[in-house]
$ cat entry_25.cif   # mmCIF, C-alpha atoms
data_query
#
loop_
_atom_site.label_atom_id
_atom_site.label_comp_id
_atom_site.auth_asym_id
_atom_site.auth_seq_id
_atom_site.Cartn_x
_atom_site.Cartn_y
_atom_site.Cartn_z
CA MET A 45 -4.96 16.89 1.88
CA GLU A 46 -3.77 20.32 2.92
CA ALA A 47 -1.89 22.02 0.14
CA PRO A 48 1.63 22.74 1.25
CA LEU A 49 1.80 25.96 -0.69
CA GLY A 50 -0.27 28.34 1.37
CA HIS A 51 2.06 31.29 1.16
CA GLU A 52 -0.50 33.46 -0.59
CA ASP A 53 -2.15 34.28 2.69
CA GLY A 54 1.18 35.42 4.08
CA LYS A 55 1.74 32.75 6.69
CA GLU A 56 3.46 29.51 6.16
CA LYS A 57 3.48 27.21 9.07
CA VAL A 58 5.97 24.46 9.46
CA PRO A 59 4.14 21.22 10.13
CA ARG A 60 4.61 19.83 13.62
CA THR A 61 5.48 16.21 13.11
CA VAL A 62 8.36 14.58 11.28
CA ARG A 63 5.84 12.63 9.28
CA GLU A 64 4.02 15.75 8.06
CA MET A 65 7.29 17.46 7.24
CA LEU A 66 8.62 14.52 5.28
CA THR A 67 5.35 14.16 3.38
CA GLU A 68 5.44 17.82 2.45
CA MET A 69 9.07 17.53 1.40
CA LYS A 70 8.35 14.56 -0.81
CA ASP A 71 5.36 16.28 -2.43
CA THR A 72 7.30 19.46 -2.96
CA SER A 73 10.30 17.69 -4.44
CA GLU A 74 8.04 16.28 -7.14
CA VAL A 75 6.04 19.34 -8.06
CA VAL A 76 9.02 21.68 -7.93
CA VAL A 77 10.78 19.87 -10.77
CA ASP A 78 7.66 19.99 -12.94
CA LEU A 79 7.30 23.68 -12.20
CA ALA A 80 10.93 24.27 -13.11
CA TYR A 81 10.46 22.62 -16.49
CA ALA A 82 7.21 24.51 -16.98
CA ALA A 83 9.00 27.79 -16.20
CA LEU A 84 11.43 27.05 -19.02
CA VAL A 85 8.84 25.81 -21.50
CA PHE A 86 6.62 28.85 -20.98
CA GLU A 87 9.47 31.28 -20.30
CA SER A 88 7.72 32.26 -17.09
CA GLN A 89 9.52 34.38 -14.55
CA GLU A 90 6.56 34.00 -12.18
CA MET A 91 6.86 30.23 -12.15
CA ALA A 92 10.59 30.55 -11.67
CA GLU A 93 9.94 32.67 -8.59
CA GLU A 94 7.62 30.03 -7.21
CA VAL A 95 10.37 27.45 -7.68
CA GLN A 96 12.77 29.66 -5.75
CA HIS A 97 10.16 30.14 -3.06
CA LEU A 98 9.74 26.36 -2.75
CA GLU A 99 13.48 25.96 -2.59
CA HIS A 100 13.57 28.23 0.47
CA ARG A 101 10.62 26.45 2.00
CA MET A 102 12.51 23.16 1.66
CA ASP A 103 15.50 24.65 3.49
CA THR A 104 13.27 25.55 6.40
CA LEU A 105 11.66 22.13 6.43
CA LEU A 106 15.00 20.35 6.31
CA TYR A 107 16.30 22.41 9.21
CA ASN A 108 13.21 21.68 11.29
CA ILE A 109 13.06 17.99 10.48
CA ARG A 110 16.71 17.60 11.52
CA ILE A 111 16.03 19.12 14.89
CA LYS A 112 12.90 17.03 15.44
CA ALA A 113 14.69 13.87 14.41
CA MET A 114 17.61 14.48 16.75
CA LEU A 115 15.30 15.14 19.64
CA SER A 116 13.40 11.93 19.07
CA ALA A 117 16.31 9.49 18.98
CA ARG A 118 16.47 7.45 22.14
CA THR A 119 18.38 4.36 21.14
CA ARG A 120 21.07 3.50 18.65
CA ARG A 121 18.48 1.84 16.45
CA ASP A 122 16.35 5.00 16.54
CA ALA A 123 19.37 7.01 15.50
CA GLU A 124 20.17 4.66 12.62
CA GLN A 125 16.64 4.74 11.32
CA LEU A 126 16.41 8.49 11.72
CA ALA A 127 19.72 8.94 9.90
CA GLY A 128 18.10 7.20 6.94
CA LEU A 129 15.02 9.35 7.24
CA LEU A 130 17.15 12.49 7.24
CA GLN A 131 18.96 11.22 4.18
CA VAL A 132 15.61 11.01 2.38
CA ALA A 133 14.75 14.53 3.55
CA SER A 134 18.05 15.99 2.41
CA SER A 135 17.75 14.23 -0.94
CA ALA A 136 14.31 15.77 -1.40
CA GLU A 137 15.84 19.13 -0.58
CA ALA A 138 18.64 18.46 -3.08
CA ILE A 139 16.01 17.86 -5.76
CA SER A 140 14.50 21.26 -5.06
CA ASN A 141 17.96 22.81 -5.34
CA ALA A 142 18.35 21.19 -8.74
CA ALA A 143 14.97 22.66 -9.73
CA GLY A 144 16.25 26.05 -8.55
CA SER A 145 19.30 25.79 -10.79
CA ILE A 146 17.10 24.75 -13.71
CA VAL A 147 15.10 27.98 -13.46
CA ASP A 148 18.33 29.97 -13.14
CA LEU A 149 18.78 29.17 -16.82
CA LEU A 150 16.02 31.67 -17.57
CA ARG A 151 18.57 34.39 -16.90
CA HIS A 152 20.36 33.46 -20.09
CA GLU A 153 19.14 34.77 -23.40
CA SER A 154 16.54 32.49 -24.86
CA ASP A 155 18.46 31.95 -28.08
CA LYS A 156 21.09 30.14 -26.03
CA ARG A 157 18.64 27.54 -24.89
CA PRO A 158 16.32 26.63 -27.76
CA PHE A 159 17.25 22.97 -27.32
CA ILE A 160 15.71 22.85 -23.85
CA SER A 161 12.15 23.24 -25.09
CA LEU A 162 12.88 20.76 -27.82
CA VAL A 163 14.12 18.18 -25.33
CA LEU A 164 11.18 18.76 -22.99
CA LYS A 165 8.72 18.36 -25.86
CA GLU A 166 10.11 14.92 -26.58
CA ALA A 167 10.15 13.74 -22.97
CA GLU A 168 8.01 10.78 -21.93
CA GLU A 169 5.88 12.98 -19.74
CA LYS A 170 5.21 16.37 -21.17
CA ILE A 171 4.30 19.75 -19.81
CA LYS A 172 1.46 21.46 -21.64
CA SER A 173 -1.14 24.12 -21.16
CA LEU A 174 -4.84 24.39 -21.91
CA THR A 175 -7.75 26.69 -21.15
CA ILE A 176 -11.14 25.75 -19.73
CA SER A 177 -13.73 26.75 -22.30
CA GLU A 178 -17.15 28.25 -21.54
CA LYS A 179 -18.62 25.09 -23.05
CA SER A 180 -16.62 22.73 -20.87
CA ASP A 181 -18.37 20.84 -18.10
CA MET A 182 -15.12 20.97 -16.13
CA ALA A 183 -16.06 24.54 -15.21
CA ASN A 184 -17.55 24.96 -11.73
CA ARG A 185 -16.33 21.57 -10.56
CA THR A 186 -13.50 20.81 -8.19
CA ILE A 187 -10.33 18.99 -9.19
CA GLN A 188 -11.04 16.33 -6.59
CA GLU A 189 -14.67 15.77 -7.60
CA MET A 190 -13.57 15.07 -11.16
CA GLY A 191 -10.45 13.16 -10.15
CA VAL A 192 -8.61 14.90 -12.96
CA GLU A 193 -5.38 12.95 -12.60
CA SER A 194 -6.91 9.51 -12.11
CA GLU A 195 -9.29 10.15 -15.01
CA THR A 196 -6.76 11.43 -17.53
CA GLY A 197 -3.30 10.83 -16.08
CA MET A 198 -2.67 14.57 -16.29
CA ARG A 199 -1.58 16.34 -13.16
CA ILE A 200 -2.40 20.02 -12.78
CA ILE A 201 0.79 21.68 -11.62
CA ALA A 202 -0.29 25.28 -11.94
CA MET A 203 -3.32 27.35 -12.79
CA LYS A 204 -3.73 30.94 -13.91
CA ARG A 205 -6.96 32.79 -13.25
CA GLY A 206 -6.95 36.32 -14.56
CA LYS A 207 -3.55 37.59 -13.59
CA ARG A 208 -3.16 35.37 -10.59
CA TRP A 209 -1.19 32.14 -10.54
CA MET A 210 -1.90 29.25 -8.24
CA TYR A 211 0.64 26.49 -7.92
CA ASP A 212 -0.05 22.85 -7.19
CA PRO A 213 -3.76 23.66 -6.69
CA GLU A 214 -5.62 21.75 -4.01
CA GLY A 215 -8.28 19.17 -4.75
CA THR A 216 -10.91 21.52 -3.37
CA CYS A 217 -10.03 24.12 -6.00
CA ARG A 218 -13.04 24.78 -8.24
CA LEU A 219 -12.20 25.38 -11.88
CA LYS A 220 -13.76 28.22 -13.85
CA ALA A 221 -14.18 28.94 -17.53
CA GLY A 222 -11.16 30.87 -18.71
CA ASP A 223 -8.73 29.20 -16.28
CA LEU A 224 -5.38 28.38 -17.83
CA LEU A 225 -3.99 25.07 -16.62
CA ILE A 226 -0.41 23.87 -16.81
CA VAL A 227 -0.49 20.10 -16.81
CA ARG A 228 1.95 17.24 -16.87
CA GLY A 229 1.49 13.78 -18.33
CA THR A 230 1.41 11.70 -21.47
CA GLU A 231 0.46 12.87 -24.94
CA ASN A 232 -2.73 10.84 -25.16
CA GLY A 233 -3.75 11.82 -21.64
CA PHE A 234 -3.37 15.43 -22.69
CA GLU A 235 -5.52 14.89 -25.77
CA VAL A 236 -8.30 13.45 -23.59
CA LEU A 237 -8.09 16.30 -21.09
CA ARG A 238 -7.94 18.87 -23.86
CA SER A 239 -11.15 17.55 -25.40
CA TYR A 240 -12.94 17.83 -22.02
CA SER A 241 -11.58 21.30 -21.40
CA ALA A 242 -12.66 22.47 -24.84
CA GLY A 243 -16.16 21.10 -24.27
CA GLU A 244 -15.81 18.63 -27.15
CA ARG A 245 -16.55 15.76 -24.81
CA HIS A 246 -18.43 15.49 -21.55
CA TRP A 247 -16.60 14.68 -18.36
CA PRO A 248 -17.46 11.02 -17.72
CA GLN A 249 -20.15 10.20 -15.21
CA TYR A 250 -20.00 6.91 -13.41
CA PRO A 251 -22.93 5.00 -12.01
CA TYR A 252 -22.93 4.69 -8.26
CA ASP A 253 -20.08 2.34 -7.38
CA GLY A 254 -22.22 -0.23 -5.64
CA ALA A 255 -24.44 -0.55 -8.68
CA ILE A 256 -21.79 -1.89 -11.05
CA MET B 173 17.08 16.33 -32.18
CA ASP B 174 20.80 15.85 -32.48
CA GLU B 175 22.87 13.39 -30.48
CA LEU B 176 23.54 15.77 -27.63
CA GLU B 177 19.85 16.59 -27.28
CA GLN B 178 18.99 12.89 -27.36
CA LYS B 179 21.38 12.31 -24.49
CA LEU B 180 19.94 15.22 -22.50
CA LEU B 181 16.49 13.76 -23.01
CA GLU B 182 17.70 10.36 -21.88
CA VAL B 183 19.12 11.82 -18.66
CA LYS B 184 15.91 13.80 -18.04
CA ASP B 185 13.64 10.76 -18.47
CA THR B 186 16.02 8.57 -16.48
CA SER B 187 16.19 11.10 -13.62
CA GLU B 188 12.41 10.80 -13.22
CA LEU B 189 12.49 7.04 -13.38
CA MET B 190 15.23 7.01 -10.75
CA VAL B 191 13.21 9.12 -8.32
CA ASP B 192 10.18 6.87 -8.76
CA LEU B 193 12.27 3.73 -8.35
CA ALA B 194 14.03 5.20 -5.32
CA TYR B 195 10.76 5.85 -3.50
CA SER B 196 9.48 2.42 -4.55
CA SER B 197 12.58 0.74 -3.17
CA LEU B 198 12.04 2.53 0.14
CA LEU B 199 8.35 1.77 0.37
CA TYR B 200 8.93 -1.94 -0.19
CA ASN B 201 12.37 -2.01 1.43
CA ASN B 202 13.55 -3.64 -1.79
CA ARG B 203 17.30 -3.82 -2.33
CA GLU B 204 17.04 -5.06 -5.87
CA ILE B 205 15.21 -1.92 -6.98
CA ALA B 206 17.60 0.23 -4.95
CA GLN B 207 20.49 -1.49 -6.70
CA GLU B 208 18.97 -0.60 -10.07
CA VAL B 209 18.89 3.06 -9.01
CA MET B 210 22.61 2.83 -8.22
CA GLU B 211 23.29 1.34 -11.63
CA LEU B 212 21.24 4.00 -13.38
CA GLU B 213 23.25 6.56 -11.46
CA GLU B 214 26.45 5.24 -13.01
CA TYR B 215 24.83 5.28 -16.41
CA THR B 216 23.64 8.89 -16.09
CA ASP B 217 27.06 9.89 -14.75
CA GLU B 218 28.62 8.60 -17.95
CA LEU B 219 26.05 10.36 -20.09
CA THR B 220 26.59 13.57 -18.15
CA SER B 221 30.33 13.54 -18.77
CA SER B 222 29.89 12.82 -22.42
CA ILE B 223 27.35 15.66 -22.78
CA GLN B 224 29.68 18.07 -21.03
CA LYS B 225 32.59 17.11 -23.24
CA GLU B 226 30.50 17.39 -26.37
CA ALA B 227 29.23 20.84 -25.30
CA ILE B 228 32.81 22.03 -24.84
CA ARG B 229 33.87 20.52 -28.15
CA ARG B 230 31.09 22.39 -29.92
CA ALA B 231 31.93 25.66 -28.22
CA MET B 232 35.51 25.25 -29.38
CA SER B 233 34.39 24.90 -32.95
CA ASP B 234 31.53 27.43 -33.10
CA GLY B 235 32.72 29.79 -30.35
CA ASP B 236 29.30 29.86 -28.68
CA ALA B 237 30.37 29.67 -25.04
CA SER B 238 26.98 30.78 -23.66
CA ARG B 239 25.19 27.92 -25.27
CA ALA B 240 27.71 25.42 -23.98
CA PHE B 241 27.40 26.99 -20.54
CA VAL B 242 23.61 26.58 -20.55
CA THR B 243 23.96 22.94 -21.63
CA ILE B 244 26.48 22.21 -18.90
CA LYS B 245 24.37 23.93 -16.24
CA LEU B 246 21.26 22.04 -17.29
CA ILE B 247 22.93 18.65 -17.30
CA GLU B 248 24.44 19.40 -13.89
CA SER B 249 20.98 20.05 -12.50
CA LEU B 250 19.60 16.87 -14.01
CA GLU B 251 22.53 14.94 -12.61
CA GLY B 252 21.75 16.53 -9.23
CA ILE B 253 18.31 14.94 -9.36
CA CYS B 254 19.85 11.57 -10.22
CA ASP B 255 22.27 11.89 -7.30
CA ALA B 256 19.40 12.71 -4.98
CA ALA B 257 17.53 9.64 -6.18
CA SER B 258 20.49 7.44 -5.41
CA GLY B 259 20.72 9.12 -2.01
CA ILE B 260 17.15 8.02 -1.35
CA ALA B 261 17.78 4.50 -2.59
CA GLY B 262 20.98 4.40 -0.54
CA VAL B 263 18.87 4.27 2.61
CA VAL B 264 17.64 0.83 1.55
CA MET B 265 21.17 -0.43 0.98
CA LYS B 266 22.05 0.08 4.64
CA ASN B 267 21.33 -2.90 6.80
CA VAL B 268 18.72 -1.04 8.76
CA GLU B 269 15.00 -1.31 8.21
CA PRO B 270 13.87 2.14 6.93
CA HIS B 271 12.11 4.25 9.52
CA PRO B 272 8.35 3.47 9.48
CA VAL B 273 7.55 7.16 9.07
CA ILE B 274 9.18 7.08 5.61
CA LYS B 275 6.64 4.53 4.40
CA MET B 276 3.79 6.51 5.88
CA SER B 277 4.97 9.66 4.16
CA ILE B 278 5.22 7.96 0.79
CA ARG B 279 1.75 6.46 1.21
CA GLU B 280 0.27 9.78 2.34
CA SER B 281 1.84 11.99 -0.26
CA GLU B 282 -0.05 13.38 -3.25
CA VAL B 283 1.86 11.06 -5.53
CA THR B 284 1.81 7.57 -4.13
CA ILE B 285 3.20 4.20 -5.15
CA ALA B 286 1.22 0.99 -5.44
CA THR B 287 1.60 -2.53 -6.78
CA ALA B 288 -0.75 -5.14 -8.15
CA MET B 289 -0.44 -8.45 -9.92
CA VAL B 290 -2.11 -8.84 -13.28
CA ILE B 291 -4.53 -11.75 -13.06
CA GLU B 292 -5.83 -13.89 -15.93
CA GLY B 293 -8.75 -12.12 -17.55
CA SER B 294 -7.53 -8.64 -16.66
CA ASP B 295 -7.87 -6.03 -19.40
CA LEU B 296 -4.22 -5.18 -18.86
CA SER B 297 -2.89 -8.59 -19.85
CA ASP B 298 -1.47 -9.40 -23.29
CA LYS B 299 -1.55 -5.74 -24.26
CA THR B 300 1.17 -3.19 -24.51
CA LEU B 301 1.04 -0.32 -22.05
CA GLY B 302 0.34 1.91 -25.05
CA GLU B 303 -2.69 -0.18 -26.01
CA SER B 304 -4.21 -0.31 -22.55
CA ARG B 305 -3.37 3.37 -21.99
CA LEU B 306 -3.07 2.63 -18.33
CA ALA B 307 -1.47 6.01 -17.56
CA SER B 308 -4.21 8.10 -19.12
CA GLN B 309 -7.01 5.77 -17.98
CA SER B 310 -6.05 5.51 -14.33
CA GLY B 311 -3.43 8.18 -13.75
CA MET B 312 -1.03 5.42 -12.71
CA TRP B 313 2.36 5.41 -14.41
CA VAL B 314 4.22 2.09 -14.53
CA VAL B 315 7.65 2.44 -12.95
CA ALA B 316 8.65 -1.22 -13.08
CA ILE B 317 7.27 -4.64 -13.85
CA LYS B 318 8.27 -7.73 -11.92
CA ARG B 319 8.11 -10.76 -14.14
CA GLY B 320 9.10 -13.98 -12.43
CA ARG B 321 12.31 -13.10 -10.69
CA LYS B 322 13.25 -10.34 -13.08
CA TYR B 323 12.36 -6.69 -13.19
CA ILE B 324 11.69 -4.54 -16.20
CA TYR B 325 12.57 -1.00 -15.18
CA GLY B 326 10.97 1.98 -16.85
CA PRO B 327 8.79 0.05 -19.33
CA ASP B 328 7.54 2.04 -22.32
CA GLU B 329 4.38 2.05 -24.40
CA ASP B 330 5.59 -0.95 -26.39
CA THR B 331 6.10 -3.14 -23.34
CA VAL B 332 3.63 -6.02 -23.27
CA VAL B 333 2.05 -6.84 -19.90
CA LEU B 334 1.60 -10.54 -19.18
CA VAL B 335 -0.56 -12.50 -16.76
CA GLY B 336 1.40 -12.90 -13.53
CA ASP B 337 3.30 -9.62 -13.92
CA THR B 338 3.43 -7.43 -10.87
CA LEU B 339 3.21 -3.76 -11.79
CA ILE B 340 4.76 -1.09 -9.62
CA VAL B 341 3.03 2.18 -10.37
CA ARG B 342 3.17 5.81 -9.33
CA GLY B 343 0.17 8.12 -9.34
CA PRO B 344 -2.66 9.82 -7.47
CA LYS B 345 -4.20 8.05 -4.48
CA ASP B 346 -7.65 8.06 -6.04
CA GLY B 347 -6.35 6.15 -9.04
CA GLU B 348 -5.04 3.29 -6.95
CA GLU B 349 -8.25 1.37 -6.42
CA PHE B 350 -9.23 1.51 -10.08
CA PHE B 351 -5.75 0.33 -11.03
CA LYS B 352 -5.94 -2.61 -8.64
CA ASP B 353 -9.39 -3.54 -9.91
CA LEU B 354 -8.12 -3.41 -13.48
CA ALA B 355 -5.21 -5.69 -12.64
CA SER B 356 -7.46 -8.19 -10.90
CA GLY B 357 -10.03 -8.11 -13.69
CA LYS B 358 -12.73 -6.79 -11.37
CA THR B 359 -13.10 -3.68 -13.54
CA ARG B 360 -12.78 -3.35 -17.29
CA LEU B 361 -11.26 -0.61 -19.37
CA SER B 362 -13.81 1.65 -20.99
#

$ encode --input "entry_25.cif" --output "structure tokens"
Amino acid sequence: MEAPLGHEDGKEKVPRTVREMLTEMKDTSEVVVDLAYAALVFESQEMAEEVQHLEHRMDTLLYNIRIKAMLSARTRRDAEQLAGLLQVASSAEAISNAAGSIVDLLRHESDKRPFISLVLKEAEEKIKSLTISEKSDMANRTIQEMGVESETGMRIIAMKRGKRWMYDPEGTCRLKAGDLLIVRGTENGFEVLRSYSAGERHWPQYPYDGAI
Amino acid sequence: MDELEQKLLEVKDTSELMVDLAYSSLLYNNREIAQEVMELEEYTDELTSSIQKEAIRRAMSDGDASRAFVTIKLIESLEGICDAASGIAGVVMKNVEPHPVIKMSIRESEVTIATAMVIEGSDLSDKTLGESRLASQSGMWVVAIKRGRKYIYGPDEDTVVLVGDTLIVRGPKDGEEFFKDLASGKTRLS
């Protein structure tokens, strides 16, 4: 799937159909909250800026989806169904606003918010970071090829290579030794992923599906 | 963690469950799940008020207004997510079939929702979710379990999965097939 966050190359197109817009809004509403928590956990101004960027992007999408929806209503039933669809879209946008206010907390001195990290550490799904070691066989493979999330339950929400951040990396993104990953998921999923990334274990290979 | 932090954590975890349940209710046009989201909304509202009051009470005794302010801002944001989730679930409560595009979008998104019934002989049956490690094995996170006519919302690692349970899960598309095969017993856990 096309990554919605292509702003690095300077152009950000608004998808053409209601369906594409809504899909992007749903995806964004999920990753933006994780990024907001990550920004707090790692005290990262850069991640906070990405959250704010996504918040703006959601405004644009909401505006465009409203127009598209209004233009496509022909009957009363259409209008009723589209009203529901727009409610979903504006709720997704509201989630991104909440994420935006979460990162606003970074403006306050960190000694006023020590409890936030504490709370996030205890959450059911945690936000953690790890680095791909030289020894790891995750290096030089794409996220999709490995199926990182389906294999470990850990979702990669951001990646840092050198000085450059990449948010919600695409499946086609090829990992390299030295990459720093910000991931979200359960404690034991993290332990599994960490052992692969440190090169302590090999990434599992499966026999050809048909052969099982 | 003190009591206030425990409550914050509860609202944070519940806000995520609510979003997952809200999208599930839409995908399956299921009013019962949507109703649960509404009830969780009331619950988180109560928690939010009690956190806000407690934060003010503490500021009055220790004079640390900034800290109370941060707490109140954070809980407001979390509550905003809960409100948004109930906004999503609210679409199901109207007597109008949700627009077909909504379902398509949920199915096409990076994080999808799926269901499967646990069949006799499945590696998932008679184990807790912690034991089967379904989330880390398949990437699929159990949002709810339908057992008979009842639902168990937001099961935890101690929840035992039984034969006949229908699991509603959230996760990556490429984890869906493996999850379904696990539930049907076609594939075993490694």

$ closest_residue --input "entry_25.cif" --among "B:Ser294, B:Gln178, B:Thr331, B:Thr284" --to "Gly311 in chain B" --atoms "all atoms listed in the file"
B:Thr284

$ residues_around --input "entry_25.cif" --residues "Asp353 in chain B" --least-positions-apart "5" --cutoff "9 Å" --atoms "all atoms listed in the file" --output "list in words"
Ala288, Ser294, Glu348, Lys358, Thr359 and Arg360 of chain B

$ write_last_selection --input "entry_25.cif" --atoms "C-alpha atoms" --output "PDB file, in the coordinates of the input"
ATOM      1  CA  ALA B 288      -0.750  -5.140  -8.150  1.00  0.00           C
ATOM      2  CA  SER B 294      -7.530  -8.640 -16.660  1.00  0.00           C
ATOM      3  CA  GLU B 348      -5.040   3.290  -6.950  1.00  0.00           C
ATOM      4  CA  LYS B 358     -12.730  -6.790 -11.370  1.00  0.00           C
ATOM      5  CA  THR B 359     -13.100  -3.680 -13.540  1.00  0.00           C
ATOM      6  CA  ARG B 360     -12.780  -3.350 -17.290  1.00  0.00           C
TER       7      ARG B 360
END

$ interface_residues --input "entry_25.cif" --of "chain A" --to "chain B" --cutoff "8 Å" --atoms "only C-alpha atoms" --output "MDAnalysis selection string"
chainID A and resid 45 62:64 66:68 70:71 124:126 128:129 131:132 135:136 138:139 142:143 145:146 149 152 156:157 159 162:164 166:168 191 193:198 230 232:233

$ resolve_selection --input "entry_25.cif" --expression "the PyMOL selection byres ((chain A and resi 111) around 12)" --output "ChimeraX atom specification"
/A:60-62,65,104-110,112-117,126-127,130

$ resolve_selection --input "entry_25.cif" --expression "the PyMOL selection byres ((chain A and resi 171) around 8)" --output "number ranges by chain"
A: 78, 81-82, 85, 164-165, 169-170, 172-173, 226-229

$ residues_around --input "entry_25.cif" --residues "Glu244 in chain A" --least-positions-apart "2" --cutoff "12 Å" --atoms "only C-alpha atoms" --output "MDAnalysis selection string"
chainID A and resid 176:182 235:242 246:247

$ residues_around --input "entry_25.cif" --residues "Gly336 in chain B" --least-positions-apart "4" --cutoff "10 Å" --atoms "only C-alpha atoms" --output "PyMOL selection string"
chain B and resi 288-292+297+318-320+355

$ write_last_selection --input "entry_25.cif" --atoms "C-alpha atoms" --output "CSV table (one decimal), in the coordinates of the input"
chain,number,residue,atom,x,y,z
B,288,ALA,CA,-0.8,-5.1,-8.2
B,289,MET,CA,-0.4,-8.4,-9.9
B,290,VAL,CA,-2.1,-8.8,-13.3
B,291,ILE,CA,-4.5,-11.8,-13.1
B,292,GLU,CA,-5.8,-13.9,-15.9
B,297,SER,CA,-2.9,-8.6,-19.8
B,318,LYS,CA,8.3,-7.7,-11.9
B,319,ARG,CA,8.1,-10.8,-14.1
B,320,GLY,CA,9.1,-14.0,-12.4
B,355,ALA,CA,-5.2,-5.7,-12.6

$ atom_distance --input "entry_25.cif" --atom1 "CA of Ala183 in chain A" --atom2 "CA of Ala221 in chain A"
5.3 Å

$ atom_distance --input "entry_25.cif" --atom1 "CA of Glu56 in chain A" --atom2 "CA of Met190 in chain A"
28.3 Å

$ axis_aligned_box --input "entry_25.cif" --around "range 217-228 of chain B" --padding-each-side "4 Å" --output "AutoDock Vina command-line options"
--center_x 29.4 --center_y 15.3 --center_z -20.6 --size_x 14.8 --size_y 21.4 --size_z 19.6

$ resolve_selection --input "entry_25.cif" --expression "the PyMOL selection byres ((chain A and resi 210-218) around 7)" --output "ChimeraX atom specification"
/A:47,184-188,200-204,208-209,219-220

$ atom_distance --input "entry_25.cif" --atom1 "CA of Arg321 in chain B" --atom2 "CA of Leu301 in chain B"
20.5 Å

$ closest_residue --input "entry_25.cif" --among "B:Thr338, B:Val332, B:Thr287, B:Ser304" --to "Lys352 in chain B" --atoms "all atoms listed in the file"
B:Thr287

$ closest_residue --input "entry_25.cif" --among "A:Asn141, A:Ser134, A:Thr175, A:Ser154" --to "Ser88 in chain A" --atoms "all atoms listed in the file"
A:Ser154

$ residues_near_point --input "entry_25.cif" --point "(21.6, 9.0, -18.9)" --cutoff "6 Å" --atoms "all atoms listed in the file" --output "number ranges by chain"
B: 182-183, 215-216, 219
